[in-house]
Structure formats: C-alpha cells, structure tokens
$ cat coords-v6.txt   # compact mmCIF, C-alpha atoms (C1' of nucleotides)
# COMPACT_ATOMS: atom_id res chain seq x y z
CA MET A 1 -15.67 5.97 15.43
CA PRO A 2 -13.58 3.23 16.99
CA ARG A 3 -11.94 4.06 20.28
CA ALA A 4 -8.27 3.30 20.79
CA HIS A 5 -8.72 -0.09 22.37
CA ASP A 6 -11.43 -0.86 19.82
CA LEU A 7 -8.87 -0.87 17.00
CA GLU A 8 -7.49 -4.15 18.28
CA THR A 9 -10.97 -5.68 18.36
CA LEU A 10 -11.65 -4.33 14.87
CA LEU A 11 -8.39 -5.70 13.47
CA THR A 12 -9.04 -9.15 14.88
CA ARG A 13 -11.93 -9.54 12.43
CA ALA A 14 -11.62 -10.96 8.94
CA PRO A 15 -9.77 -8.43 6.76
CA GLU A 16 -12.64 -7.87 4.32
CA GLU A 17 -14.79 -6.82 7.30
CA ALA A 18 -12.12 -4.86 9.15
CA ALA A 19 -10.74 -2.98 6.13
CA PRO A 20 -13.73 -0.68 5.44
CA LEU A 21 -14.06 -0.01 9.18
CA LEU A 22 -10.45 1.15 9.27
CA LEU A 23 -11.21 4.00 6.86
CA GLY A 24 -11.08 7.37 8.60
CA SER A 25 -8.60 6.15 11.19
CA HIS A 26 -5.28 7.92 11.42
CA LEU A 27 -1.85 6.57 10.57
CA VAL A 28 0.75 8.52 12.50
CA SER A 29 4.51 8.27 12.13
CA ASN A 30 7.25 9.80 14.21
CA VAL A 31 10.25 8.51 12.29
CA ASP A 32 13.38 10.62 12.85
CA GLY A 33 11.37 12.92 15.12
CA PHE A 34 9.08 14.31 12.42
CA GLU A 35 5.43 13.62 13.12
CA VAL A 36 3.17 13.13 10.12
CA ARG A 37 -0.52 12.29 10.52
CA VAL A 38 -2.65 10.88 7.70
CA ARG A 39 -6.35 10.10 7.55
CA ILE A 40 -6.75 6.74 5.81
CA ASN A 41 -8.99 6.94 2.73
CA GLU A 42 -8.19 3.78 0.79
CA VAL A 43 -7.43 0.22 1.92
CA GLU A 44 -7.40 -3.31 0.54
CA ALA A 45 -8.00 -6.65 2.26
CA TYR A 46 -5.72 -9.65 1.71
CA LYS A 47 -6.71 -12.98 3.20
CA GLY A 48 -3.68 -15.17 3.55
CA GLU A 49 -3.77 -18.71 2.28
CA ASP A 50 -7.38 -18.33 1.05
CA ASP A 51 -6.38 -15.51 -1.28
CA PRO A 52 -4.32 -16.08 -4.45
CA ALA A 53 -3.46 -12.37 -4.58
CA SER A 54 -1.98 -12.30 -1.09
CA HIS A 55 1.72 -12.44 -0.32
CA ALA A 56 0.73 -14.99 2.33
CA PHE A 57 -0.99 -17.32 -0.16
CA ARG A 58 1.84 -19.86 0.01
CA GLY A 59 2.28 -19.60 3.75
CA GLU A 60 4.67 -17.87 6.08
CA THR A 61 8.08 -16.74 4.80
CA ASP A 62 10.83 -14.40 6.00
CA ARG A 63 9.27 -11.64 3.95
CA ASN A 64 5.64 -11.88 5.05
CA ARG A 65 6.22 -13.00 8.65
CA SER A 66 4.79 -9.79 10.15
CA MET A 67 1.41 -10.50 8.58
CA PHE A 68 1.24 -13.70 10.61
CA ASP A 69 1.90 -11.82 13.86
CA ASN A 70 -0.66 -10.20 16.18
CA PRO A 71 -3.39 -8.04 14.62
CA GLY A 72 -2.09 -4.50 14.35
CA THR A 73 1.46 -5.54 13.49
CA LEU A 74 2.98 -3.43 10.71
CA TYR A 75 3.92 -5.45 7.61
CA VAL A 76 6.18 -3.47 5.26
CA TYR A 77 7.28 -4.96 1.95
CA ARG A 78 9.40 -3.63 -0.89
CA SER A 79 7.46 -3.16 -4.10
CA TYR A 80 9.06 -3.30 -7.54
CA GLY A 81 12.41 -2.99 -5.82
CA ILE A 82 11.83 0.72 -5.29
CA HIS A 83 8.91 1.51 -3.02
CA ASN A 84 7.71 0.37 0.36
CA CYS A 85 4.08 -0.48 1.12
CA ALA A 86 2.45 -0.70 4.55
CA ASN A 87 -0.09 -3.17 5.86
CA SER A 88 -1.63 -3.92 9.21
CA ALA A 89 -1.85 -7.58 10.15
CA ALA A 90 -5.45 -8.60 10.78
CA GLY A 91 -7.33 -11.57 12.16
CA PRO A 92 -6.10 -13.84 14.93
CA LYS A 93 -2.36 -14.38 15.22
CA GLY A 94 -1.01 -16.94 12.76
CA VAL A 95 -3.48 -16.66 9.87
CA GLY A 96 -1.53 -14.28 7.62
CA TRP A 97 -4.36 -11.85 6.94
CA GLY A 98 -3.68 -8.17 6.33
CA ILE A 99 -4.94 -4.78 5.27
CA LEU A 100 -2.91 -2.74 2.78
CA ILE A 101 -3.05 0.98 3.50
CA ARG A 102 -3.16 2.48 0.02
CA SER A 103 -3.78 6.19 0.44
CA GLY A 104 -4.95 9.00 2.67
CA GLU A 105 -4.92 12.73 3.22
CA VAL A 106 -2.31 14.56 5.26
CA ILE A 107 -3.80 16.07 8.41
CA ASP A 108 -0.61 17.21 10.09
CA GLY A 109 3.08 17.38 9.29
CA GLY A 110 2.55 18.22 5.63
CA GLY A 111 5.83 20.10 5.49
CA PHE A 112 7.79 17.04 6.56
CA ALA A 113 5.82 14.88 4.15
CA ALA A 114 6.48 17.26 1.25
CA ARG A 115 10.17 17.34 2.10
CA ARG A 116 10.42 13.55 2.13
CA ARG A 117 8.47 13.32 -1.13
CA GLY A 118 10.38 16.10 -2.87
CA ARG A 119 7.17 17.77 -4.07
CA ARG A 120 4.24 19.72 -2.70
CA THR A 121 1.34 17.72 -4.16
CA ASP A 122 0.39 14.05 -4.42
CA LEU A 123 1.99 13.33 -1.07
CA THR A 124 0.02 10.28 0.07
CA ASP A 125 -2.26 9.20 -2.79
CA GLY A 126 -0.70 5.77 -3.30
CA PRO A 127 0.81 3.04 -1.11
CA GLY A 128 4.42 3.79 -2.08
CA LYS A 129 3.95 7.54 -1.82
CA LEU A 130 2.28 7.20 1.56
CA CYS A 131 5.19 5.22 2.99
CA GLN A 132 7.70 7.70 1.61
CA ALA A 133 5.78 10.64 3.08
CA LEU A 134 5.67 8.95 6.48
CA GLY A 135 9.25 7.70 6.39
CA ILE A 136 8.11 4.08 6.61
CA THR A 137 10.76 1.60 5.47
CA LEU A 138 11.64 -2.02 6.15
CA GLU A 139 13.16 -0.80 9.41
CA GLN A 140 9.64 -0.30 10.74
CA ASN A 141 8.49 -3.77 9.69
CA GLY A 142 7.05 -5.58 12.71
CA THR A 143 6.14 -2.42 14.62
CA ASP A 144 3.09 -2.68 16.90
CA LEU A 145 0.70 -0.15 15.36
CA LEU A 146 -1.57 -0.30 18.41
CA ASP A 147 1.12 0.72 20.92
CA PRO A 148 0.94 4.51 21.53
CA ARG A 149 4.71 4.50 22.07
CA SER A 150 5.48 3.12 18.61
CA THR A 151 7.11 5.31 15.98
CA VAL A 152 4.34 4.25 13.59
CA ARG A 153 0.85 3.75 14.97
CA LEU A 154 -2.86 3.73 14.29
CA GLU A 155 -5.24 6.05 16.10
CA PRO A 156 -9.02 6.39 15.94
CA GLY A 157 -10.57 8.97 13.63
CA ASP A 158 -13.91 10.01 12.21
CA PRO A 159 -15.47 7.34 9.98
CA PRO A 160 -16.34 8.32 6.41
CA GLU A 161 -19.90 8.99 5.32
CA PHE A 162 -19.63 6.90 2.15
CA VAL A 163 -17.52 3.89 1.28
CA MET A 164 -17.24 2.24 -2.12
CA ALA A 165 -15.95 -1.30 -2.74
CA THR A 166 -14.07 -2.18 -5.95
CA PRO A 167 -11.65 -4.85 -7.16
CA ARG A 168 -8.11 -4.46 -5.88
CA VAL A 169 -5.55 -2.41 -7.79
CA GLY A 170 -2.64 -3.97 -9.62
CA VAL A 171 -3.63 -7.58 -8.98
CA SER A 172 -4.48 -10.02 -11.74
CA LYS A 173 -5.90 -12.73 -9.51
CA ALA A 174 -9.22 -12.95 -7.66
CA GLN A 175 -10.65 -9.92 -9.42
CA ASP A 176 -14.11 -11.04 -8.29
CA ARG A 177 -13.28 -10.07 -4.70
CA MET A 178 -14.40 -6.48 -4.13
CA TRP A 179 -11.82 -5.92 -1.43
CA ARG A 180 -10.63 -2.40 -2.17
CA PHE A 181 -12.47 0.15 -0.05
CA VAL A 182 -12.41 3.87 -0.78
CA THR A 183 -13.98 6.91 0.85
CA ALA A 184 -15.79 9.59 -1.14
CA VAL A 185 -12.91 11.96 -0.42
CA GLN A 186 -10.43 9.73 -2.15
CA LEU A 187 -12.77 9.15 -5.10
CA SER A 188 -12.78 12.85 -5.94
CA ALA A 189 -9.02 13.25 -5.48
C1' DA B 1 -6.69 13.38 -19.71
C1' DG B 2 -4.81 9.29 -20.69
C1' DG B 3 -1.50 5.68 -22.42
C1' DA B 4 3.35 3.89 -22.57
C1' DT B 5 7.68 3.09 -20.31
C1' DG B 6 11.88 2.62 -17.47
C1' DA B 7 13.61 1.99 -12.82
C1' DT B 8 14.97 -1.83 -9.84
C1' DG B 9 15.07 -5.99 -6.62
C1' DG B 10 13.00 -9.98 -4.60
C1' DA B 11 10.14 -14.11 -5.06
C1' DC B 12 8.90 -17.68 -7.73
C1' DT B 13 8.63 -21.21 -12.05
C1' DG C 1 13.48 -15.61 -17.09
C1' DT C 2 8.96 -13.70 -15.55
C1' DC C 3 5.91 -11.50 -12.56
C1' DC C 4 4.84 -8.22 -9.58
C1' DA C 5 -0.26 -5.33 -3.78
C1' DT C 6 4.27 1.09 -7.87
C1' DC C 7 5.60 5.66 -9.41
C1' DA C 8 7.39 9.54 -12.18
C1' DT C 9 8.11 11.03 -16.54
C1' DC C 10 7.41 11.47 -21.22
C1' DC C 11 4.77 11.30 -24.84
C1' DT C 12 0.16 12.02 -27.81
C1' DA C 13 -4.19 14.88 -28.12
$ encode --input "coords-v6.txt" --output "structure tokens"
Amino acid sequence: MPRAHDLETLLTRAPEEAAPLLLGSHLVSNVDGFEVRVRINEVEAYKGEDDPASHAFRGETDRNRSMFDNPGTLYVYRSYGIHNCANSAAGPKGVGWGILIRSGEVIDGGGFAARRRGRRTDLTDGPGKLCQALGITLEQNGTDLLDPRSTVRLEPGDPPEFVMATPRVGVSKAQDRMWRFVTAVQLSA
DNA sequence: AGGATGATGGACT
DNA sequence: GTCCATCATCCTA
C-alpha cells in the first residue's frame, strides 16, 4: 500500500506502470461540504503524444492543459457534452500523461452520492457516474489531488489482490495497448 | 442479458 | 459534418 507521500512518487512514473498501482487507492471529494470516499477499482493509462488515443496526442491545448501539469493534478474533461471524467496527471511535468479514473466502490458518503446520482445503485461504476457521484465538474479541473487540503484528493488504500489488464474502453485507436486495469471486485460487479 | 438509440457540446477534418 | 476516454432508457428475448 502506498503511503501518502508515495503517491507522488508513484504518479511520476509512466502511466502504464502507475495506473495498476493506483488501484485500491481512495478518491475523496468534499465538494459543497459533502464528503464522498471511493475505492478505485478501474483505471486507464493515456500516454500523451506517444498515444493516438490520448487527448494530449496533438500536444497541449486549453482543454488538456492540466494533464501537462505536475503529477497528481486533476484533469477533468467534458464527455459527449454531458458527462465529466476525471484523470490524474502522471509522469514528469510537461509530458501530458494521465490516468483516467473509470470506476470504484463507495466506501463512505453513499447517501450524498446517491442523492447526486438520483438513484440508489450504480453510483460509481463508470467515469461519468463517478464524477457525478463525487460532484466533480470542470470547476475542479487543475486541483492538486495530492494536497490534503484540496476538495478532491487521492489517499492511500489497500492494494487489490488481483489485477487484470485489457484494452481501453470506448477507444478505436491503439487497441493493442492493454492499458485498462481492473480489480477482481470490479470484474464481478 | 444484451443490443440500439438519443442526448448534447467541443474538438477536429 | 464527423467523431468521440458516456449514460440512461427502451426495446427484443
């Protein structure tokens, strides 16, 4: 299990190495005073200008700027005009690497999550759902996930016993990269 | 249980 | 105009 200051070390690695190690960590949000804690069970690596599937493939833009910031910076983007999706910047500053946080299980604050989602089940089993449950919007883009004072942050957790690697979801390019990482818990969900 | 589809906006050709 | 790092709903079985 990574300790708090180890998360920064972990996230400075290449995203395809850091992503599976991030599984089991906690994503905690305190937006509007409601704390929701999620154990991360599914992530994907995106590797900047080396990766045709990455938003950063064509370099830095207004939209993807957070991914080029320090490792542990929150990159939020709007998906299909409707949903928000959350990433952590990875690698050294300036490379545009990131880890998409796709799903998890609610550990605490389930009532707040259910209220935000407008339902009692399927609260955080997808990247858009997870952001809605945690109240993560473009307003939180650029947040330092490694700062304990941040409204959205990463904290250490228990690592999973089993991790499976698969192609990434919803991408048509670079399907040969097995850069989606899932815990056994998420597989059975 | 699984496939099709509409919503909805930004980035890109 | 087309393509999305998606989701909820509405079918068919």
$ atom_distance --input "coords-v6.txt" --atom1 "atom CA of A:Gly135" --atom2 "atom CA of A:Asp147"
18.1 Å
$ residues_around --input "coords-v6.txt" --residues "B:DG3" --least-positions-apart "6" --cutoff "12 Å" --atoms "all atoms listed in the file" --output "list in words"
DC10, DC11, DT12 and DA13 of chain C
$ interface_residues --input "coords-v6.txt" --of "chain B" --to "chain A" --cutoff "9 Å" --atoms "only C-alpha atoms (C1' of nucleotides)" --output "list in words"
DA7, DT8, DG9 and DG10 of chain B
$ residues_around --input "coords-v6.txt" --residues "C:DA5" --least-positions-apart "3" --cutoff "9 Å" --atoms "all atoms listed in the file" --output "list in words"
Glu44, Tyr46, Ala53, Ser54, His55, Ser79, Cys85, Leu100, Pro127, Arg168, Val169, Gly170 and Val171 of chain A
$ closest_atom_pairs --input "coords-v6.txt" --of "chain C" --to "chain A" --cutoff "8 Å" --atoms "all atoms listed in the file" --output "JSON lines"
{"residue": "C:DC4", "atom": "C1'", "partner": "A:Tyr80", "partner_atom": "CA", "distance": 6.8}
{"residue": "C:DA5", "atom": "C1'", "partner": "A:Gly170", "partner_atom": "CA", "distance": 6.5}
{"residue": "C:DT6", "atom": "C1'", "partner": "A:Gly128", "partner_atom": "CA", "distance": 6.4}
{"residue": "C:DC7", "atom": "C1'", "partner": "A:Gly128", "partner_atom": "CA", "distance": 7.7}
$ closest_residue --input "coords-v6.txt" --among "A:Asp32, A:Asp176, A:Glu49, A:Asp122" --to "A:Gln140" --atoms "all atoms listed in the file"
A:Asp32
$ atom_distance --input "coords-v6.txt" --atom1 "atom CA of A:Asp62" --atom2 "atom CA of A:Gln175"
26.8 Å
$ closest_residue --input "coords-v6.txt" --among "A:Gln132, A:Thr121, A:Asn141, A:Thr12" --to "A:Asn70" --atoms "all atoms listed in the file"
A:Thr12
$ atom_distance --input "coords-v6.txt" --atom1 "atom C1' of C:DA8" --atom2 "atom CA of A:Cys131"
15.9 Å
$ residues_near_point --input "coords-v6.txt" --point "(4.8, 19.6, 1.8)" --cutoff "10 Å" --atoms "only C-alpha atoms (C1' of nucleotides)" --output "PyMOL selection string"
chain A and resi 106+109-123+133
$ residues_near_point --input "coords-v6.txt" --point "(4.9, -2.0, 13.7)" --cutoff "9 Å" --atoms "only C-alpha atoms (C1' of nucleotides)" --output "list in words"
Ser66, Gly72, Thr73, Leu74, Tyr75, Val76, Ser88, Gln140, Asn141, Gly142, Thr143, Asp144, Leu145, Leu146, Asp147, Ser150, Thr151, Val152 and Arg153 of chain A
$ build_atoms --input "coords-v6.txt" --residues "stretch 53-64 of chain A" --atoms "all heavy atoms" --output "CSV table (one decimal), keeping the file's coordinate frame"
chain,number,residue,atom,x,y,z
A,53,ALA,N,-4.1,-13.7,-4.4
A,53,ALA,CA,-3.5,-12.4,-4.6
A,53,ALA,C,-2.6,-12.0,-3.4
A,53,ALA,O,-1.9,-11.0,-3.5
A,53,ALA,CB,-4.5,-11.3,-4.9
A,54,SER,N,-2.7,-12.7,-2.3
A,54,SER,CA,-2.0,-12.3,-1.1
A,54,SER,C,-0.5,-12.8,-1.1
A,54,SER,O,-0.3,-13.9,-1.6
A,54,SER,CB,-2.7,-12.9,0.2
A,54,SER,OG,-1.9,-12.6,1.3
A,55,HIS,N,0.3,-12.0,-0.5
A,55,HIS,CA,1.7,-12.4,-0.3
A,55,HIS,C,1.8,-13.7,0.6
A,55,HIS,O,2.8,-14.4,0.6
A,55,HIS,CB,2.6,-11.3,0.3
A,55,HIS,CG,2.8,-10.2,-0.6
A,55,HIS,ND1,3.4,-9.0,-0.2
A,55,HIS,CD2,2.6,-10.0,-1.9
A,55,HIS,CE1,3.5,-8.2,-1.2
A,55,HIS,NE2,3.0,-8.8,-2.3
A,56,ALA,N,0.7,-13.9,1.4
A,56,ALA,CA,0.7,-15.0,2.3
A,56,ALA,C,0.1,-16.2,1.7
A,56,ALA,O,-0.1,-17.2,2.5
A,56,ALA,CB,0.0,-14.6,3.6
A,57,PHE,N,-0.3,-16.2,0.5
A,57,PHE,CA,-1.0,-17.3,-0.2
A,57,PHE,C,-0.3,-18.6,0.0
A,57,PHE,O,-0.9,-19.7,0.2
A,57,PHE,CB,-1.2,-17.0,-1.6
A,57,PHE,CG,-2.0,-18.1,-2.4
A,57,PHE,CD1,-3.2,-18.5,-1.9
A,57,PHE,CD2,-1.5,-18.7,-3.5
A,57,PHE,CE1,-4.0,-19.5,-2.6
A,57,PHE,CE2,-2.2,-19.6,-4.2
A,57,PHE,CZ,-3.4,-20.0,-3.8
A,58,ARG,N,1.1,-18.6,-0.1
A,58,ARG,CA,1.8,-19.9,0.0
A,58,ARG,C,2.4,-20.1,1.4
A,58,ARG,O,3.4,-20.8,1.6
A,58,ARG,CB,3.0,-19.8,-1.0
A,58,ARG,CG,2.4,-19.9,-2.4
A,58,ARG,CD,3.6,-19.7,-3.5
A,58,ARG,NE,3.0,-19.6,-4.8
A,58,ARG,CZ,2.5,-18.5,-5.4
A,58,ARG,NH1,2.4,-17.4,-4.6
A,58,ARG,NH2,2.0,-18.5,-6.6
A,59,GLY,N,1.8,-19.4,2.4
A,59,GLY,CA,2.3,-19.6,3.8
A,59,GLY,C,3.3,-18.6,4.2
A,59,GLY,O,3.7,-17.7,3.5
A,60,GLU,N,3.8,-18.8,5.4
A,60,GLU,CA,4.7,-17.9,6.1
A,60,GLU,C,6.1,-18.0,5.5
A,60,GLU,O,6.6,-19.1,5.3
A,60,GLU,CB,4.7,-18.2,7.6
A,60,GLU,CG,5.5,-17.2,8.4
A,60,GLU,CD,5.3,-17.4,9.9
A,60,GLU,OE1,4.4,-18.1,10.3
A,60,GLU,OE2,6.2,-16.9,10.7
A,61,THR,N,6.7,-16.8,5.3
A,61,THR,CA,8.1,-16.7,4.8
A,61,THR,C,8.8,-15.6,5.6
A,61,THR,O,8.2,-14.9,6.4
A,61,THR,CB,8.2,-16.4,3.3
A,61,THR,OG1,7.7,-15.1,3.1
A,61,THR,CG2,7.4,-17.4,2.5
A,62,ASP,N,10.1,-15.5,5.3
A,62,ASP,CA,10.8,-14.4,6.0
A,62,ASP,C,10.2,-13.1,5.7
A,62,ASP,O,10.1,-12.2,6.5
A,62,ASP,CB,12.3,-14.4,5.6
A,62,ASP,CG,13.1,-15.6,6.2
A,62,ASP,OD1,12.6,-16.1,7.2
A,62,ASP,OD2,14.2,-15.9,5.7
A,63,ARG,N,9.8,-12.9,4.4
A,63,ARG,CA,9.3,-11.6,4.0
A,63,ARG,C,7.9,-11.3,4.6
A,63,ARG,O,7.8,-10.2,5.1
A,63,ARG,CB,9.1,-11.7,2.4
A,63,ARG,CG,8.5,-10.4,1.8
A,63,ARG,CD,7.8,-10.8,0.5
A,63,ARG,NE,7.7,-9.6,-0.4
A,63,ARG,CZ,7.0,-9.6,-1.5
A,63,ARG,NH1,6.3,-10.8,-1.8
A,63,ARG,NH2,6.9,-8.6,-2.2
A,64,ASN,N,7.0,-12.2,4.6
A,64,ASN,CA,5.6,-11.9,5.0
A,64,ASN,C,5.4,-12.2,6.5
A,64,ASN,O,4.2,-12.1,7.0
A,64,ASN,CB,4.6,-12.6,4.2
A,64,ASN,CG,4.7,-14.1,4.3
A,64,ASN,OD1,5.1,-14.6,5.4
A,64,ASN,ND2,4.3,-14.8,3.3
